[in-house]
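Participant: Could you have a look at this structure, given as structure tokens, before my questions?
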Amino acid sequence: MDLDALAALFRSPQVRLVDLTHPLAPDMPVWPTHPRFTQELIESYDRGDVACNHALCMSEHSGTHFDAPLHFVRDGAAIDQIEPLRFFGRMATIDCSKVAPRHAIGIETILDFETRHGAIRPGDAVFFHFGWDAHWTEPAPHVAFLADWPGLSEAAAGWLVERQVRIAGSDCLSLDAFGSTEFPAHRRLLGAGVLIGENFARLGELPPFAFLVTLPLPIRGGSGAPLRAIAVVGAPTS
């Protein structure tokens, strides 16, 4: 591998990095049964300490995160057991910003994307841009973000499994539509070993295909993990 060429690529004006991650903050929305993110100052310059340090408390599913198979599958793989190569690769982003609240999209939405932009391949990550991240920064109790989001149908999830994608995700609190009690998309995808990404940001800034780089925390035995996600996008040519 030519490391100098790789470094030059990321410095090139022809490459743009899009941060798909919401900052972790105490006032961010969380799943109703999960602990809120807290950040407590332990060491402080103002107190005379030689360093600054915070204690953190959060769910494995805080902020922008992955669900590992263990989240819904007994004896499924934990997040620290996922091979690192799964966190890097091509990413398809499907625009679903006109989808009605609570609607679970079907296979036809994915097929329409393929007709217009090209085939989804085995090993791709597939994300659905519902535009729900626009509600992320609203003040507590985050009424809009925490209710009525759209999602993925079981049939669409099954289609992604058949295509052997490595990740499926969205900018909503859950990949299953609001009100689901059986979580069919979660069960179908995680049951097949497909990671689920939730609470992603800025999907609306991406072209149909980009390169995704994600680095989840390797929590031993974790059912998921917060992560930093970056999309590598080719800059438009004039």
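Ligands are numbered from 1 in the order shown, residues from 1 within each chain, and chains are lettered A, B, ... in the order they appear in the structure tokens.
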Find the nearest atom pair between each residue of stretch 28-106 of chain A and stretch 3-21 of chain A for residues within 12 Å, count only C-alpha atoms, give distances in Å to one decimal, sort rows by chain and ascending number, and present the table as a tab-separated table.
Facilitator:
residue	atom	partner	partner_atom	distance
A:Ser62	CA	A:Thr21	CA	11.3
A:Gly63	CA	A:Thr21	CA	7.9
A:Thr64	CA	A:Thr21	CA	5.7
A:His65	CA	A:Thr21	CA	8.7
A:Phe66	CA	A:Thr21	CA	11.7
Participant: What would the file look like if the residues just selected were written as a short mmCIF file (atom, residue, chain, number, x, y, z; two decimals), in the first residue's frame with all heavy atoms?
Facilitator:
data_model
loop_
_atom_site.label_atom_id
_atom_site.label_comp_id
_atom_site.auth_asym_id
_atom_site.auth_seq_id
_atom_site.Cartn_x
_atom_site.Cartn_y
_atom_site.Cartn_z
N SER A 62 -26.37 5.19 23.14
CA SER A 62 -26.44 6.65 23.23
C SER A 62 -25.97 7.29 21.93
O SER A 62 -25.00 6.85 21.30
CB SER A 62 -25.55 7.16 24.37
OG SER A 62 -26.03 6.74 25.62
N GLY A 63 -26.68 8.35 21.54
CA GLY A 63 -26.26 9.13 20.38
C GLY A 63 -26.19 8.31 19.11
O GLY A 63 -26.94 7.34 18.90
N THR A 64 -25.30 8.69 18.21
CA THR A 64 -25.06 7.95 16.97
C THR A 64 -24.37 6.63 17.34
O THR A 64 -23.31 6.64 17.97
CB THR A 64 -24.18 8.78 16.02
OG1 THR A 64 -24.78 10.06 15.83
CG2 THR A 64 -24.00 8.07 14.69
N HIS A 65 -24.97 5.52 16.97
CA HIS A 65 -24.46 4.24 17.47
C HIS A 65 -24.80 3.09 16.54
O HIS A 65 -25.62 3.22 15.63
CB HIS A 65 -25.05 3.94 18.85
CG HIS A 65 -26.52 3.67 18.82
ND1 HIS A 65 -27.47 4.66 18.90
CD2 HIS A 65 -27.22 2.49 18.71
CE1 HIS A 65 -28.68 4.13 18.84
NE2 HIS A 65 -28.56 2.82 18.72
N PHE A 66 -24.16 1.95 16.79
CA PHE A 66 -24.51 0.68 16.15
C PHE A 66 -25.22 -0.22 17.15
O PHE A 66 -24.89 -0.24 18.34
CB PHE A 66 -23.26 -0.07 15.67
CG PHE A 66 -22.72 0.37 14.35
CD1 PHE A 66 -21.36 0.27 14.08
CD2 PHE A 66 -23.54 0.88 13.36
CE1 PHE A 66 -20.84 0.65 12.87
CE2 PHE A 66 -23.04 1.27 12.14
CZ PHE A 66 -21.67 1.15 11.89
#
Participant: Could you list, as a PyMOL selection string, every residue within 10 Å of A:Thr38, counting only C-alpha atoms and ignoring same-chain residues fewer than 6 positions away?
Facilitator: chain A and resi 24-27+54-58
Participant: Write the residues of the preceding selection, restricted to N, CA, C and O atoms, as a PDB file, in the first residue's frame.
Facilitator:
ATOM      1  N   LEU A  24     -22.168  13.931  21.705  1.00  0.00           N
ATOM      2  CA  LEU A  24     -22.742  13.409  22.945  1.00  0.00           C
ATOM      3  C   LEU A  24     -22.880  14.557  23.937  1.00  0.00           C
ATOM      4  O   LEU A  24     -21.903  15.230  24.258  1.00  0.00           O
ATOM      5  N   ALA A  25     -24.088  14.781  24.431  1.00  0.00           N
ATOM      6  CA  ALA A  25     -24.349  15.911  25.321  1.00  0.00           C
ATOM      7  C   ALA A  25     -25.488  15.547  26.273  1.00  0.00           C
ATOM      8  O   ALA A  25     -26.384  14.778  25.927  1.00  0.00           O
ATOM      9  N   PRO A  26     -25.476  16.109  27.479  1.00  0.00           N
ATOM     10  CA  PRO A  26     -26.503  15.757  28.467  1.00  0.00           C
ATOM     11  C   PRO A  26     -27.933  16.058  28.033  1.00  0.00           C
ATOM     12  O   PRO A  26     -28.865  15.410  28.515  1.00  0.00           O
ATOM     13  N   ASP A  27     -28.116  17.008  27.126  1.00  0.00           N
ATOM     14  CA  ASP A  27     -29.472  17.385  26.730  1.00  0.00           C
ATOM     15  C   ASP A  27     -29.954  16.674  25.470  1.00  0.00           C
ATOM     16  O   ASP A  27     -30.985  17.016  24.912  1.00  0.00           O
ATOM     17  N   HIS A  54     -13.498  14.138  33.010  1.00  0.00           N
ATOM     18  CA  HIS A  54     -14.925  13.961  33.265  1.00  0.00           C
ATOM     19  C   HIS A  54     -15.252  12.483  33.447  1.00  0.00           C
ATOM     20  O   HIS A  54     -14.650  11.625  32.800  1.00  0.00           O
ATOM     21  N   ALA A  55     -16.225  12.198  34.283  1.00  0.00           N
ATOM     22  CA  ALA A  55     -16.822  10.863  34.377  1.00  0.00           C
ATOM     23  C   ALA A  55     -18.068  10.846  33.498  1.00  0.00           C
ATOM     24  O   ALA A  55     -18.834  11.814  33.473  1.00  0.00           O
ATOM     25  N   LEU A  56     -18.260   9.746  32.763  1.00  0.00           N
ATOM     26  CA  LEU A  56     -19.388   9.623  31.850  1.00  0.00           C
ATOM     27  C   LEU A  56     -20.303   8.484  32.273  1.00  0.00           C
ATOM     28  O   LEU A  56     -19.838   7.451  32.760  1.00  0.00           O
ATOM     29  N   CYS A  57     -21.587   8.680  32.057  1.00  0.00           N
ATOM     30  CA  CYS A  57     -22.564   7.601  32.217  1.00  0.00           C
ATOM     31  C   CYS A  57     -23.491   7.637  31.011  1.00  0.00           C
ATOM     32  O   CYS A  57     -24.004   8.707  30.655  1.00  0.00           O
ATOM     33  N   MET A  58     -23.684   6.492  30.349  1.00  0.00           N
ATOM     34  CA  MET A  58     -24.530   6.465  29.159  1.00  0.00           C
ATOM     35  C   MET A  58     -24.918   5.039  28.818  1.00  0.00           C
ATOM     36  O   MET A  58     -24.334   4.076  29.306  1.00  0.00           O
TER      37      MET A  58
END
Participant: Neighbouring residues of A:Trp31 were defined as those with any atom within 8 Å, considering only C-alpha atoms; residues of the same chain fewer than 2 positions away were excluded. Please report them as a list in words.
Facilitator: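 Non-adjacent residues within range: Pro29, Thr33, His34, Leu146 and Leu173 of chain A.
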Participant: Take the residues just selected and output them with all heavy atoms as a short mmCIF file (atom, residue, chain, number, x, y, z; two decimals), in the first residue's frame.
Facilitator:
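For reference, again17.cif as written:
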data_model
loop_
_atom_site.label_atom_id
_atom_site.label_comp_id
_atom_site.auth_asym_id
_atom_site.auth_seq_id
_atom_site.Cartn_x
_atom_site.Cartn_y
_atom_site.Cartn_z
N PRO A 29 -31.56 13.66 23.01
CA PRO A 29 -32.64 12.68 23.20
C PRO A 29 -32.09 11.27 23.35
O PRO A 29 -31.06 10.92 22.77
CB PRO A 29 -33.47 12.82 21.91
CG PRO A 29 -32.52 13.39 20.91
CD PRO A 29 -31.57 14.26 21.66
N THR A 33 -36.43 4.16 27.77
CA THR A 33 -36.04 3.26 28.86
C THR A 33 -34.54 3.26 29.14
O THR A 33 -34.08 2.53 30.01
CB THR A 33 -36.49 1.82 28.55
OG1 THR A 33 -35.84 1.38 27.34
CG2 THR A 33 -37.99 1.74 28.39
N HIS A 34 -33.78 4.06 28.39
CA HIS A 34 -32.32 4.06 28.54
C HIS A 34 -31.87 5.21 29.44
O HIS A 34 -32.55 6.26 29.53
CB HIS A 34 -31.65 4.19 27.18
CG HIS A 34 -31.82 2.99 26.31
ND1 HIS A 34 -31.22 2.86 25.07
CD2 HIS A 34 -32.50 1.84 26.49
CE1 HIS A 34 -31.53 1.71 24.53
NE2 HIS A 34 -32.32 1.07 25.38
N LEU A 146 -38.70 12.09 19.36
CA LEU A 146 -39.01 10.86 20.09
C LEU A 146 -40.35 10.24 19.73
O LEU A 146 -40.80 9.32 20.42
CB LEU A 146 -38.95 11.13 21.60
CG LEU A 146 -37.57 11.47 22.17
CD1 LEU A 146 -37.67 11.85 23.63
CD2 LEU A 146 -36.61 10.31 21.98
N LEU A 173 -34.47 7.39 15.73
CA LEU A 173 -34.16 6.74 16.99
C LEU A 173 -34.12 5.22 16.85
O LEU A 173 -33.42 4.54 17.60
CB LEU A 173 -35.20 7.14 18.03
CG LEU A 173 -34.92 6.84 19.50
CD1 LEU A 173 -33.69 7.61 19.99
CD2 LEU A 173 -36.13 7.18 20.37
#
Participant: For stretch 155-168 of chain A, list every protein, DNA or RNA residue within 9 Å, evaluated using only C-alpha atoms, and leave out those in the same chain fewer than 6 positions away; present the list as number ranges by chain.
Facilitator: A: 66, 86-87, 91, 104-110, 120-128, 175, 184-186, 188-189, 192-198
Participant: Using only C-alpha atoms, which protein or nucleic acid residues come within 10 Å of A:Leu206? Drop anything in the same chain fewer than 3 positions from it, and give the result as a CSV table (one decimal) with N, CA and C atoms, in the first residue's frame.
Facilitator:
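The file below, around.csv, is the result:
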chain,number,residue,atom,x,y,z
A,18,VAL,N,-17.7,14.2,5.5
A,18,VAL,CA,-19.0,14.7,6.2
A,18,VAL,C,-19.1,13.9,7.5
A,20,LEU,N,-21.1,12.4,10.3
A,20,LEU,CA,-22.4,11.9,10.4
A,20,LEU,C,-22.8,11.6,11.9
A,91,MET,N,-21.1,3.0,0.9
A,91,MET,CA,-22.3,3.4,1.5
A,91,MET,C,-23.3,3.9,0.5
A,92,ALA,N,-24.5,3.3,0.5
A,92,ALA,CA,-25.6,3.9,-0.3
A,92,ALA,C,-26.6,4.7,0.6
A,93,THR,N,-27.0,5.8,0.2
A,93,THR,CA,-27.9,6.6,1.0
A,93,THR,C,-29.2,6.9,0.2
A,94,ILE,N,-30.3,6.4,0.7
A,94,ILE,CA,-31.6,6.4,0.0
A,94,ILE,C,-32.4,7.6,0.6
A,95,ASP,N,-32.8,8.5,-0.3
A,95,ASP,CA,-33.6,9.7,0.2
A,95,ASP,C,-35.1,9.2,0.4
A,129,HIS,N,-32.3,8.2,4.6
A,129,HIS,CA,-32.4,9.6,5.0
A,129,HIS,C,-33.9,10.0,5.1
A,202,ARG,N,-26.9,14.3,9.2
A,202,ARG,CA,-26.4,14.8,7.9
A,202,ARG,C,-26.4,13.9,6.7
A,203,LEU,N,-27.3,12.9,6.8
A,203,LEU,CA,-27.4,12.0,5.7
A,203,LEU,C,-27.9,12.7,4.4
A,209,PHE,N,-24.0,7.5,-3.4
A,209,PHE,CA,-22.9,6.5,-2.9
A,209,PHE,C,-21.7,7.3,-2.4
A,210,ALA,N,-21.2,6.9,-1.3
A,210,ALA,CA,-20.0,7.4,-0.7
A,210,ALA,C,-19.2,6.3,0.0
A,231,ALA,N,-18.4,10.1,6.4
A,231,ALA,CA,-18.6,9.7,5.0
A,231,ALA,C,-17.5,10.4,4.2
A,232,VAL,N,-16.8,9.7,3.4
A,232,VAL,CA,-15.8,10.2,2.4
A,232,VAL,C,-16.5,10.4,1.1
A,233,VAL,N,-16.6,11.7,0.7
A,233,VAL,CA,-17.3,12.1,-0.5
A,233,VAL,C,-16.4,12.7,-1.5
A,234,GLY,N,-16.6,12.4,-2.8
A,234,GLY,CA,-15.8,13.1,-3.8
A,234,GLY,C,-16.4,14.5,-4.0
Participant: Atom CA of A:Cys96 and atom CA of A:Asp171, how far apart in Å?
Facilitator: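 Between atom CA of A:Asp171 and atom CA of A:Cys96 the gap is 10.6 Å.
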Participant: Among stretch 37-178 of chain A, which ones does DSSP place in helix (DSSP H, G or I), written as number ranges by chain?
Facilitator: A: 45-47, 69-71, 79-81, 84-87, 107-117, 132-135, 154-162
Participant: From a DSSP pass on the backbone, collect the residues of stretch 62-185 of chain A flagged as strand (DSSP E) and hand them back as a PyMOL selection string.
Facilitator: chain A and resi 65-67+88-95+104-105+125-129+151-152+167-170
Participant: Taking only C-alpha atoms into account, name the residue in A:Glu205, A:Trp136, A:Ala229, A:Arg102 that is nearest to A:Asp176.
Facilitator: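 Closest candidate: A:Arg102.
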Participant: Write out as a list in words each polymer residue whose atoms come within 12 Å of A:His71, counting only C-alpha atoms; drop sequence neighbours fewer than 2 positions from it.
Facilitator: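 That gives Glu60, His61, Phe66, Asp67, Ala68, Pro69, Val73, Arg74, Asp75, Gly76, Ala77, Ala78, Ile79, Phe183, His186, Arg187, Leu189, Leu190, Gly191, Gly193, Val194, Leu195, Ile196, Gly221, Gly222, Ser223, Gly224 and Ala225 of chain A.
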Participant: Just write the chosen residues, C-alpha atoms, as a short mmCIF file (atom, residue, chain, number, x, y, z; two decimals), in the first residue's frame.
Facilitator:
data_model
loop_
_atom_site.label_atom_id
_atom_site.label_comp_id
_atom_site.auth_asym_id
_atom_site.auth_seq_id
_atom_site.Cartn_x
_atom_site.Cartn_y
_atom_site.Cartn_z
CA GLU A 60 -24.51 1.48 24.81
CA HIS A 61 -27.08 2.99 22.42
CA PHE A 66 -24.51 0.68 16.15
CA ASP A 67 -26.72 -2.14 17.35
CA ALA A 68 -24.83 -5.44 17.46
CA PRO A 69 -26.70 -8.74 16.91
CA VAL A 73 -30.47 -12.08 19.44
CA ARG A 74 -29.65 -14.26 22.46
CA ASP A 75 -26.03 -15.41 22.10
CA GLY A 76 -25.61 -13.09 19.10
CA ALA A 77 -22.30 -11.38 18.39
CA ALA A 78 -21.34 -8.52 20.70
CA ILE A 79 -19.97 -5.28 19.29
CA PHE A 183 -39.26 -4.77 15.95
CA HIS A 186 -34.26 -5.33 14.00
CA ARG A 187 -34.95 -9.04 14.31
CA LEU A 189 -31.30 -7.76 10.19
CA LEU A 190 -29.58 -8.55 13.48
CA GLY A 191 -30.65 -12.18 13.16
CA GLY A 193 -25.64 -10.53 11.46
CA VAL A 194 -26.29 -7.16 9.78
CA LEU A 195 -25.35 -4.22 12.00
CA ILE A 196 -27.92 -1.46 12.53
CA GLY A 221 -19.91 -8.03 25.53
CA GLY A 222 -21.69 -4.88 24.36
CA SER A 223 -25.10 -5.01 22.66
CA GLY A 224 -24.04 -1.90 20.75
CA ALA A 225 -21.74 1.08 20.99
#
Participant: Would you pick out the contacts of stretch 148-150 of chain A at 7 Å or less, using only C-alpha atoms, so that residues sharing its chain but fewer than 6 positions from it are not included, and give the list as a PyMOL selection string?
Facilitator: chain A and resi 100-104+172+177-178
Participant: Write out the residues from the selection above, keeping N, CA, C and O atoms, as a PDB file, in the first residue's frame.
Facilitator:
ATOM      1  N   ALA A 100     -44.081   9.600   4.895  1.00  0.00           N
ATOM      2  CA  ALA A 100     -44.967  10.053   5.963  1.00  0.00           C
ATOM      3  C   ALA A 100     -44.516   9.514   7.317  1.00  0.00           C
ATOM      4  O   ALA A 100     -43.918   8.433   7.393  1.00  0.00           O
ATOM      5  N   PRO A 101     -44.778  10.236   8.402  1.00  0.00           N
ATOM      6  CA  PRO A 101     -44.478   9.734   9.735  1.00  0.00           C
ATOM      7  C   PRO A 101     -45.120   8.362   9.975  1.00  0.00           C
ATOM      8  O   PRO A 101     -46.192   8.062   9.451  1.00  0.00           O
ATOM      9  N   ARG A 102     -44.417   7.535  10.721  1.00  0.00           N
ATOM     10  CA  ARG A 102     -44.846   6.193  11.116  1.00  0.00           C
ATOM     11  C   ARG A 102     -44.875   5.191   9.967  1.00  0.00           C
ATOM     12  O   ARG A 102     -45.184   4.013  10.182  1.00  0.00           O
ATOM     13  N   HIS A 103     -44.579   5.628   8.762  1.00  0.00           N
ATOM     14  CA  HIS A 103     -44.639   4.717   7.617  1.00  0.00           C
ATOM     15  C   HIS A 103     -43.407   3.821   7.584  1.00  0.00           C
ATOM     16  O   HIS A 103     -42.284   4.284   7.779  1.00  0.00           O
ATOM     17  N   ALA A 104     -43.605   2.531   7.326  1.00  0.00           N
ATOM     18  CA  ALA A 104     -42.507   1.585   7.155  1.00  0.00           C
ATOM     19  C   ALA A 104     -42.316   1.345   5.661  1.00  0.00           C
ATOM     20  O   ALA A 104     -43.197   0.781   5.001  1.00  0.00           O
ATOM     21  N   CYS A 172     -33.025   8.120  12.440  1.00  0.00           N
ATOM     22  CA  CYS A 172     -34.089   8.064  13.449  1.00  0.00           C
ATOM     23  C   CYS A 172     -33.627   7.322  14.699  1.00  0.00           C
ATOM     24  O   CYS A 172     -32.573   6.685  14.715  1.00  0.00           O
ATOM     25  N   ALA A 177     -40.176   1.510  12.483  1.00  0.00           N
ATOM     26  CA  ALA A 177     -41.020   2.691  12.588  1.00  0.00           C
ATOM     27  C   ALA A 177     -41.621   2.829  13.981  1.00  0.00           C
ATOM     28  O   ALA A 177     -41.812   1.835  14.701  1.00  0.00           O
ATOM     29  N   PHE A 178     -41.914   4.063  14.364  1.00  0.00           N
ATOM     30  CA  PHE A 178     -42.510   4.356  15.669  1.00  0.00           C
ATOM     31  C   PHE A 178     -43.781   3.530  15.876  1.00  0.00           C
ATOM     32  O   PHE A 178     -44.596   3.381  14.969  1.00  0.00           O
TER      33      PHE A 178
END
Participant: To one decimal place in Å, what is the distance between atom CA of A:Pro226 and atom CA of A:Phe130?
Facilitator: 20.5 Å
Participant: Could you please determine the separation between atom CA of A:Glu154 and atom CA of A:Ser180 in Å, to one decimal place?
Facilitator: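 Computing the Euclidean distance for atom CA of A:Glu154 and atom CA of A:Ser180 yields 11.1 Å.
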Participant: Quick one: of A:Thr214, A:Ser44, A:Thr115, A:Ser59, who's nearest to A:Pro32, counting only C-alpha atoms?
Facilitator: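 Closest candidate: A:Ser59.
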